[in-house]
file model.txt (compact mmCIF, C-alpha atoms)
# COMPACT_ATOMS: atom_id res chain seq x y z
CA GLU N 1 99.58 97.65 123.91
CA SER N 2 99.76 100.67 126.21
CA GLU N 3 97.67 100.58 129.40
CA ALA N 4 96.74 96.95 128.69
CA GLU N 5 96.51 96.39 132.43
CA GLN N 6 93.20 98.27 132.39
CA ILE N 7 91.82 95.28 130.48
CA TYR N 8 93.16 92.33 132.46
CA GLU N 9 93.55 93.66 136.02
CA PRO N 10 89.77 93.97 136.66
CA ALA N 11 89.43 90.36 135.44
CA LYS N 12 90.90 89.20 138.73
CA THR N 13 87.54 89.78 140.39
CA GLU N 14 84.98 89.99 137.57
CA ASN N 15 84.30 88.90 134.01
CA VAL N 16 85.85 91.17 131.40
CA ALA N 17 85.25 90.98 127.64
CA PHE N 18 87.64 92.49 125.12
CA LEU N 19 85.99 92.85 121.69
CA VAL N 20 88.13 93.09 118.56
CA VAL N 21 87.59 93.24 114.82
CA GLY N 22 88.47 89.94 113.14
CA ASP N 23 89.91 86.92 114.87
CA PRO N 24 91.69 87.78 118.14
CA VAL N 25 94.65 85.45 117.64
CA CYS N 26 95.62 86.94 114.27
CA ALA N 27 97.26 90.02 115.81
CA THR N 28 100.37 90.10 117.98
CA THR N 29 98.86 92.89 120.09
CA HIS N 30 96.07 90.57 121.22
CA THR N 31 98.34 87.60 121.92
CA ASP N 32 100.54 89.91 123.98
CA ILE N 33 97.54 90.85 126.12
CA VAL N 34 96.72 87.15 126.59
CA LEU N 35 100.26 86.46 127.77
CA ARG N 36 100.21 89.39 130.19
CA ALA N 37 96.84 88.32 131.58
CA LYS N 38 98.04 84.76 132.18
CA GLU N 39 101.17 86.04 133.91
CA TYR N 40 98.86 88.12 136.13
CA GLY N 41 96.93 84.98 137.03
CA VAL N 42 93.82 85.68 134.97
CA LYS N 43 92.01 82.87 133.16
CA VAL N 44 91.61 83.68 129.46
CA GLU N 45 89.00 82.28 127.10
CA VAL N 46 89.24 83.06 123.39
CA ILE N 47 86.11 83.11 121.22
CA HIS N 48 87.13 83.01 117.58
CA ASN N 49 85.62 85.22 114.91
CA ALA N 50 85.55 85.61 111.14
CA SER N 51 88.74 87.13 109.74
CA VAL N 52 90.16 88.38 106.48
CA MET N 53 92.84 85.70 106.94
CA GLY N 54 90.23 83.11 105.96
CA ALA N 55 87.79 85.24 103.97
CA ILE N 56 90.53 86.10 101.49
CA GLY N 57 89.91 82.67 99.98
CA SER N 58 86.66 83.99 98.49
CA CYS N 59 88.65 85.26 95.52
CA GLY N 60 89.59 81.69 94.62
CA LEU N 61 93.18 81.68 95.84
CA GLN N 62 93.96 78.65 97.98
CA LEU N 63 94.96 79.45 101.56
CA TYR N 64 97.65 76.75 101.46
CA ASN N 65 99.49 78.80 98.84
CA PHE N 66 99.87 81.98 100.91
CA GLY N 67 103.17 82.98 102.46
CA GLN N 68 103.86 85.65 105.07
CA THR N 69 101.16 88.29 105.53
CA VAL N 70 102.35 91.90 105.41
CA SER N 71 100.96 95.22 106.60
CA ILE N 72 101.16 98.29 104.37
CA PRO N 73 101.32 101.49 106.47
CA PHE N 74 100.35 104.92 105.21
CA PHE N 75 103.43 106.73 103.89
CA GLU N 76 104.02 110.13 105.43
CA GLU N 77 106.15 112.99 104.13
CA ASN N 78 109.19 112.02 106.20
CA TRP N 79 108.35 108.39 106.96
CA ARG N 80 108.07 105.94 104.09
CA PRO N 81 108.87 102.48 105.48
CA THR N 82 109.23 99.55 103.09
CA SER N 83 109.89 96.80 105.63
CA PHE N 84 107.08 94.82 103.97
CA TYR N 85 109.07 94.51 100.73
CA PRO N 86 111.56 91.76 101.79
CA LYS N 87 108.66 89.58 102.94
CA ILE N 88 106.87 89.98 99.61
CA LEU N 89 110.14 89.16 97.85
CA TYR N 90 110.58 86.05 100.00
CA ASN N 91 107.04 84.89 99.18
CA SER N 92 107.56 85.61 95.50
CA LYS N 93 110.74 83.53 95.33
CA GLY N 94 108.80 80.64 96.88
CA GLY N 95 105.89 81.02 94.46
CA MET N 96 103.58 82.02 97.33
CA HIS N 97 100.79 84.60 97.39
CA THR N 98 101.07 87.62 99.69
CA LEU N 99 98.09 89.01 101.60
CA CYS N 100 98.58 92.73 102.21
CA LEU N 101 96.66 94.19 105.14
CA LEU N 102 96.04 97.87 104.49
CA ASP N 103 96.50 100.56 107.12
CA ILE N 104 93.68 101.94 109.28
CA LYS N 105 94.05 105.22 111.16
CA VAL N 106 91.48 105.72 113.93
CA LYS N 107 91.76 108.32 116.72
CA GLU N 108 94.82 109.77 115.05
CA PRO N 109 95.86 112.90 117.02
CA ASP N 110 95.90 116.28 115.31
CA MET N 111 99.44 117.38 116.15
CA LYS N 112 98.80 121.04 115.29
CA ALA N 113 95.87 121.15 117.72
CA MET N 114 97.88 119.37 120.41
CA MET N 115 100.63 121.98 120.10
CA LYS N 116 97.96 124.52 121.07
CA GLY N 117 96.96 122.45 124.09
CA ARG N 118 93.81 120.94 122.57
CA THR N 119 93.13 117.21 122.19
CA VAL N 120 91.65 116.77 118.73
CA PHE N 121 91.50 113.63 116.62
CA LEU N 122 91.65 113.58 112.84
CA PRO N 123 88.88 111.87 110.83
CA PRO N 124 89.40 108.11 110.40
CA ARG N 125 91.47 107.05 107.39
CA PHE N 126 91.26 103.69 105.66
CA MET N 127 93.86 102.80 103.05
CA SER N 128 92.42 102.02 99.65
CA VAL N 129 93.64 99.56 97.06
CA HIS N 130 94.79 102.49 94.93
CA VAL N 131 96.97 103.98 97.66
CA ALA N 132 98.42 100.55 98.48
CA ILE N 133 99.39 100.00 94.84
CA GLU N 134 101.03 103.42 94.58
CA GLN N 135 103.11 102.67 97.66
CA LEU N 136 103.99 99.17 96.45
CA ILE N 137 105.20 100.57 93.13
CA GLU N 138 107.28 103.14 95.01
CA ALA N 139 108.77 100.36 97.16
CA GLU N 140 109.74 98.39 94.02
CA ASP N 141 111.32 101.52 92.55
CA VAL N 142 113.40 101.86 95.73
CA HIS N 143 114.49 98.23 96.12
CA LYS N 144 114.54 97.14 92.46
CA GLU N 145 114.71 93.42 93.33
CA GLY N 146 111.77 92.28 91.21
CA ALA N 147 109.43 91.16 93.98
CA TYR N 148 106.57 91.93 91.59
CA ASP N 149 106.00 93.42 88.16
CA PRO N 150 103.45 96.26 88.17
CA LYS N 151 102.97 96.09 84.39
CA THR N 152 102.20 92.60 83.06
CA SER N 153 103.57 89.46 84.71
CA THR N 154 102.27 89.73 88.29
CA LEU N 155 98.57 89.18 88.85
CA CYS N 156 97.07 91.00 91.82
CA VAL N 157 93.66 91.02 93.47
CA GLY N 158 91.98 94.00 95.12
CA LEU N 159 89.19 93.23 97.59
CA ALA N 160 86.73 95.38 99.49
CA ARG N 161 84.15 94.71 102.23
CA LEU N 162 84.64 90.93 102.19
CA GLY N 163 81.66 89.01 103.49
CA GLN N 164 79.21 91.86 102.97
CA PRO N 165 76.52 91.95 100.27
CA THR N 166 78.47 94.76 98.57
CA GLN N 167 81.80 92.94 98.55
CA CYS N 168 83.99 93.74 95.55
CA ILE N 169 86.78 91.64 94.04
CA ILE N 170 88.80 92.76 91.00
CA ALA N 171 91.92 91.09 89.58
CA GLY N 172 94.53 92.48 87.23
CA THR N 173 98.05 93.86 87.13
CA MET N 174 98.91 96.69 89.50
CA GLU N 175 98.82 99.23 86.70
CA GLU N 176 95.42 97.97 85.50
CA LEU N 177 93.91 98.18 88.97
CA LEU N 178 95.45 101.61 89.50
CA ALA N 179 93.80 102.83 86.28
CA LEU N 180 90.31 102.04 87.64
CA ASP N 181 88.21 104.87 89.04
CA ARG N 182 89.53 105.73 92.52
CA GLU N 183 86.10 106.51 93.95
CA THR N 184 83.81 103.91 92.44
CA ALA N 185 85.85 100.84 91.41
CA PHE N 186 86.24 99.35 94.88
CA GLY N 187 83.96 101.64 96.90
CA GLY N 188 84.13 102.14 100.65
CA PRO N 189 86.36 100.40 103.21
CA LEU N 190 87.69 98.04 104.31
CA HIS N 191 90.09 97.12 101.51
CA SER N 192 92.75 94.42 101.25
CA PHE N 193 95.17 93.37 98.52
CA VAL N 194 96.82 90.18 97.29
CA ILE N 195 99.98 89.84 95.21
CA CYS N 196 99.78 86.46 93.52
CA GLY N 197 102.62 83.97 93.34
CA ASP N 198 102.48 80.80 91.24
CA LEU N 199 98.89 80.11 90.26
CA HIS N 200 97.23 76.70 90.22
CA GLU N 201 94.88 75.83 87.37
CA LEU N 202 91.83 75.99 89.66
CA GLU N 203 92.91 79.35 91.03
CA LEU N 204 93.26 80.71 87.51
CA GLU N 205 89.84 79.40 86.54
CA PHE N 206 88.24 81.04 89.58
CA LEU N 207 90.04 84.36 89.05
CA LYS N 208 88.84 84.72 85.45
CA GLU N 209 85.49 85.92 86.82
CA PHE N 210 87.18 88.90 88.47
CA LEU N 211 89.79 89.74 85.83
CA VAL N 212 89.81 93.29 84.41
CA GLU N 213 88.38 93.28 80.91
CA GLY N 214 91.16 93.33 78.34
CA SER N 215 93.82 92.61 80.95
CA LYS N 216 97.44 92.47 79.74
CA PHE N 217 98.09 89.63 82.15
CA VAL N 218 98.19 86.45 80.12
CA LEU N 219 96.90 83.39 81.95
CA PRO N 220 99.50 80.68 81.37
CA GLU N 221 98.34 77.46 79.77
CA HIS N 222 98.00 74.51 82.14
CA LYS N 223 100.84 72.04 81.74
CA GLU N 224 100.10 68.35 82.17
call {"tool": "encode", "arguments": {"input": "model.txt", "output": "structure tokens"}}
result
Amino acid sequence: ESEAEQIYEPAKTENVAFLVVGDPVCATTHTDIVLRAKEYGVKVEVIHNASVMGAIGSCGLQLYNFGQTVSIPFFEENWRPTSFYPKILYNSKGGMHTLCLLDIKVKEPDMKAMMKGRTVFLPPRFMSVHVAIEQLIEAEDVHKEGAYDPKTSTLCVGLARLGQPTQCIIAGTMEELLALDRETAFGGPLHSFVICGDLHELELEFLKEFLVEGSKFVLPEHKE
């Protein structure tokens, strides 16, 4: 968002490509750049790409049944925002699933080094399913409005490296997923997380393949 003019100003006289991860129109930052470029008189062509917004359907949940997507930021010692919680609650009340996009920290400045006049970046950080669940449980403890039940009645799905040969999908309650090995259960990044709403019979059938063995979540019987 800052210094975006370095991207679109040269496009007045030459072709400029801006490469992003995922589909470019799924992020407000990218649409903002498009708007600025058009205001500057630059022609914009968008080439769509694969995105987690569509790939999430590989777990068997139907895209039609998703509500608002939320982002889960890394909690810091003095900054623990839970602005995602009301959106999850809204989805839950409507029986809709919630896709949680997990935080990525790249080129994060080392503040201690900067105080000494040195520009140093911390190693990249990618939020894991385990960290996301811990923060979601903390958010529920703070708000206490029942957006989800970490113990038994809310089914969740943890996903890693969607679309790759090593992709991993595991379903269960938050507590069940949190009990899995932190290092090996889901493996390396990138991770994402889904909090399920009302589940259709076909969704339930598909999710059985990924359900934690001995899960306390009871799949409801299909009602005619």
call {"tool": "closest_residue", "arguments": {"input": "model.txt", "among": "N:Leu178, N:Leu99, N:Leu190, N:Met115", "to": "Thr166 of chain N", "atoms": "all atoms listed in the file"}}
result
N:Leu190
call {"tool": "residues_around", "arguments": {"input": "model.txt", "residues": "Cys26 of chain N", "least_positions_apart": "4", "cutoff": "9 Å", "atoms": "only C-alpha atoms", "output": "VMD selection string"}}
result
chain N and resid 22 30 to 31 51 53
call {"tool": "residues_around", "arguments": {"input": "model.txt", "residues": "Ile56 of chain N", "least_positions_apart": "2", "cutoff": "9 Å", "atoms": "only C-alpha atoms", "output": "list in words"}}
result
Ser51, Val52, Met53, Gly54, Ser58, Cys59, Gly60, Leu61, Gln62, Leu63, Leu99, Leu159, Leu162, Ser192 and Val194 of chain N
call {"tool": "atom_distance", "arguments": {"input": "model.txt", "atom1": "atom CA of Val142 of chain N", "atom2": "atom CA of Glu76 of chain N"}}
result
15.8 Å
call {"tool": "closest_residue", "arguments": {"input": "model.txt", "among": "N:Ile104, N:Ala171, N:Ile7, N:Met96", "to": "Tyr40 of chain N", "atoms": "all atoms listed in the file"}}
result
N:Ile7
call {"tool": "residues_around", "arguments": {"input": "model.txt", "residues": "Phe186 of chain N", "least_positions_apart": "6", "cutoff": "9 Å", "atoms": "all atoms listed in the file", "output": "JSON, numbers by chain"}}
result
{"N": [128, 129, 158, 159, 160, 161, 167, 168, 169, 170, 180]}
call {"tool": "closest_residue", "arguments": {"input": "model.txt", "among": "N:His97, N:Lys208, N:His200, N:His130", "to": "Asp181 of chain N", "atoms": "all atoms listed in the file"}}
result
N:His130
call {"tool": "residues_near_point", "arguments": {"input": "model.txt", "point": "(117.9, 94.1, 96.9)", "cutoff": "12 Å", "atoms": "only C-alpha atoms", "output": "ChimeraX atom specification"}}
result
/N:82,85-87,89-90,139-147
call {"tool": "closest_residue", "arguments": {"input": "model.txt", "among": "N:Cys100, N:Gly57, N:Asp149, N:Asn78", "to": "Leu207 of chain N", "atoms": "all atoms listed in the file"}}
result
N:Gly57
call {"tool": "residues_around", "arguments": {"input": "model.txt", "residues": "Leu19 of chain N", "least_positions_apart": "4", "cutoff": "12 Å", "atoms": "all atoms listed in the file", "output": "JSON, numbers by chain"}}
result
{"N": [7, 23, 24, 30, 46, 47, 48, 49]}
call {"tool": "closest_residue", "arguments": {"input": "model.txt", "among": "N:Ala132, N:Val106, N:Ala11, N:Ala113", "to": "Ser71 of chain N", "atoms": "all atoms listed in the file"}}
result
N:Ala132
call {"tool": "atom_distance", "arguments": {"input": "model.txt", "atom1": "atom CA of Met127 of chain N", "atom2": "atom CA of Ile72 of chain N"}}
result
8.7 Å
call {"tool": "atom_distance", "arguments": {"input": "model.txt", "atom1": "atom CA of Val16 of chain N", "atom2": "atom CA of Asp103 of chain N"}}
result
28.1 Å
call {"tool": "closest_residue", "arguments": {"input": "model.txt", "among": "N:Val120, N:Cys196, N:Val44, N:Val25", "to": "Glu108 of chain N", "atoms": "only C-alpha atoms"}}
result
N:Val120
call {"tool": "residues_around", "arguments": {"input": "model.txt", "residues": "Pro109 of chain N", "least_positions_apart": "6", "cutoff": "9 Å", "atoms": "only C-alpha atoms", "output": "ChimeraX atom specification"}}
result
/N:119-122
call {"tool": "write_last_selection", "arguments": {"input": "model.txt", "atoms": "C-alpha atoms", "output": "CSV table (one decimal), in the coordinates of the input"}}
result
chain,number,residue,atom,x,y,z
N,119,THR,CA,93.1,117.2,122.2
N,120,VAL,CA,91.6,116.8,118.7
N,121,PHE,CA,91.5,113.6,116.6
N,122,LEU,CA,91.6,113.6,112.8
call {"tool": "decode", "arguments": {"input": "model.txt", "residues": "segment 72-99 of chain N", "atoms": "N, CA and C atoms", "output": "mmCIF file, in the first residue's frame"}}
result
data_model
loop_
_atom_site.group_PDB
_atom_site.id
_atom_site.type_symbol
_atom_site.label_atom_id
_atom_site.label_comp_id
_atom_site.auth_asym_id
_atom_site.auth_seq_id
_atom_site.Cartn_x
_atom_site.Cartn_y
_atom_site.Cartn_z
ATOM 1 N N ILE N 72 -6.483 -14.048 10.717
ATOM 2 C CA ILE N 72 -6.051 -14.206 12.108
ATOM 3 C C ILE N 72 -4.617 -13.693 12.222
ATOM 4 N N PRO N 73 -4.400 -12.542 12.864
ATOM 5 C CA PRO N 73 -3.039 -12.006 12.989
ATOM 6 C C PRO N 73 -2.299 -12.633 14.166
ATOM 7 N N PHE N 74 -0.990 -12.627 14.103
ATOM 8 C CA PHE N 74 -0.193 -13.077 15.239
ATOM 9 C C PHE N 74 -0.465 -12.165 16.437
ATOM 10 N N PHE N 75 -0.782 -12.755 17.588
ATOM 11 C CA PHE N 75 -0.889 -11.975 18.819
ATOM 12 C C PHE N 75 0.512 -11.594 19.283
ATOM 13 N N GLU N 76 0.635 -10.380 19.781
ATOM 14 C CA GLU N 76 1.877 -9.923 20.383
ATOM 15 C C GLU N 76 1.615 -9.669 21.861
ATOM 16 N N GLU N 77 2.666 -9.394 22.606
ATOM 17 C CA GLU N 77 2.533 -9.229 24.057
ATOM 18 C C GLU N 77 1.516 -8.145 24.409
ATOM 19 N N ASN N 78 1.572 -7.024 23.712
ATOM 20 C CA ASN N 78 0.690 -5.904 24.029
ATOM 21 C C ASN N 78 -0.314 -5.599 22.913
ATOM 22 N N TRP N 79 -0.518 -6.542 22.038
ATOM 23 C CA TRP N 79 -1.449 -6.345 20.913
ATOM 24 C C TRP N 79 -2.093 -7.671 20.575
ATOM 25 N N ARG N 80 -3.340 -7.839 21.029
ATOM 26 C CA ARG N 80 -4.033 -9.112 20.854
ATOM 27 C C ARG N 80 -5.433 -8.853 20.278
ATOM 28 N N PRO N 81 -5.488 -8.429 19.015
ATOM 29 C CA PRO N 81 -6.767 -8.044 18.410
ATOM 30 C C PRO N 81 -7.673 -9.245 18.148
ATOM 31 N N THR N 82 -8.957 -9.058 18.405
ATOM 32 C CA THR N 82 -9.935 -10.119 18.150
ATOM 33 C C THR N 82 -11.060 -9.604 17.248
ATOM 34 N N SER N 83 -10.708 -8.698 16.340
ATOM 35 C CA SER N 83 -11.716 -8.127 15.434
ATOM 36 C C SER N 83 -12.306 -9.177 14.502
ATOM 37 N N PHE N 84 -11.652 -10.330 14.389
ATOM 38 C CA PHE N 84 -12.168 -11.421 13.552
ATOM 39 C C PHE N 84 -13.357 -12.110 14.218
ATOM 40 N N TYR N 85 -13.454 -12.012 15.538
ATOM 41 C CA TYR N 85 -14.453 -12.783 16.283
ATOM 42 C C TYR N 85 -15.899 -12.445 15.882
ATOM 43 N N PRO N 86 -16.285 -11.154 15.804
ATOM 44 C CA PRO N 86 -17.676 -10.847 15.421
ATOM 45 C C PRO N 86 -18.062 -11.404 14.055
ATOM 46 N N LYS N 87 -17.117 -11.478 13.127
ATOM 47 C CA LYS N 87 -17.422 -12.020 11.807
ATOM 48 C C LYS N 87 -17.661 -13.531 11.884
ATOM 49 N N ILE N 88 -16.863 -14.209 12.698
ATOM 50 C CA ILE N 88 -17.076 -15.649 12.884
ATOM 51 C C ILE N 88 -18.429 -15.887 13.546
ATOM 52 N N LEU N 89 -18.759 -15.049 14.530
ATOM 53 C CA LEU N 89 -20.049 -15.160 15.212
ATOM 54 C C LEU N 89 -21.197 -14.943 14.233
ATOM 55 N N TYR N 90 -21.056 -13.944 13.378
ATOM 56 C CA TYR N 90 -22.084 -13.659 12.363
ATOM 57 C C TYR N 90 -22.271 -14.867 11.447
ATOM 58 N N ASN N 91 -21.179 -15.436 10.969
ATOM 59 C CA ASN N 91 -21.256 -16.625 10.113
ATOM 60 C C ASN N 91 -21.919 -17.777 10.847
ATOM 61 N N SER N 92 -21.520 -17.965 12.096
ATOM 62 C CA SER N 92 -22.048 -19.077 12.882
ATOM 63 C C SER N 92 -23.562 -18.975 13.047
ATOM 64 N N LYS N 93 -24.046 -17.774 13.322
ATOM 65 C CA LYS N 93 -25.489 -17.578 13.497
ATOM 66 C C LYS N 93 -26.256 -17.866 12.205
ATOM 67 N N GLY N 94 -25.588 -17.679 11.065
ATOM 68 C CA GLY N 94 -26.215 -17.964 9.780
ATOM 69 C C GLY N 94 -25.953 -19.364 9.276
ATOM 70 N N GLY N 95 -25.283 -20.189 10.098
ATOM 71 C CA GLY N 95 -24.985 -21.567 9.705
ATOM 72 C C GLY N 95 -23.907 -21.676 8.644
ATOM 73 N N MET N 96 -23.103 -20.614 8.480
ATOM 74 C CA MET N 96 -22.090 -20.582 7.422
ATOM 75 C C MET N 96 -20.702 -20.958 7.941
ATOM 76 N N HIS N 97 -19.906 -21.540 7.061
ATOM 77 C CA HIS N 97 -18.515 -21.857 7.392
ATOM 78 C C HIS N 97 -17.675 -20.582 7.356
ATOM 79 N N THR N 98 -16.575 -20.594 8.114
ATOM 80 C CA THR N 98 -15.651 -19.457 8.118
ATOM 81 C C THR N 98 -14.260 -19.918 7.703
ATOM 82 N N LEU N 99 -13.744 -19.342 6.632
ATOM 83 C CA LEU N 99 -12.362 -19.573 6.230
ATOM 84 C C LEU N 99 -11.488 -18.578 6.979
#
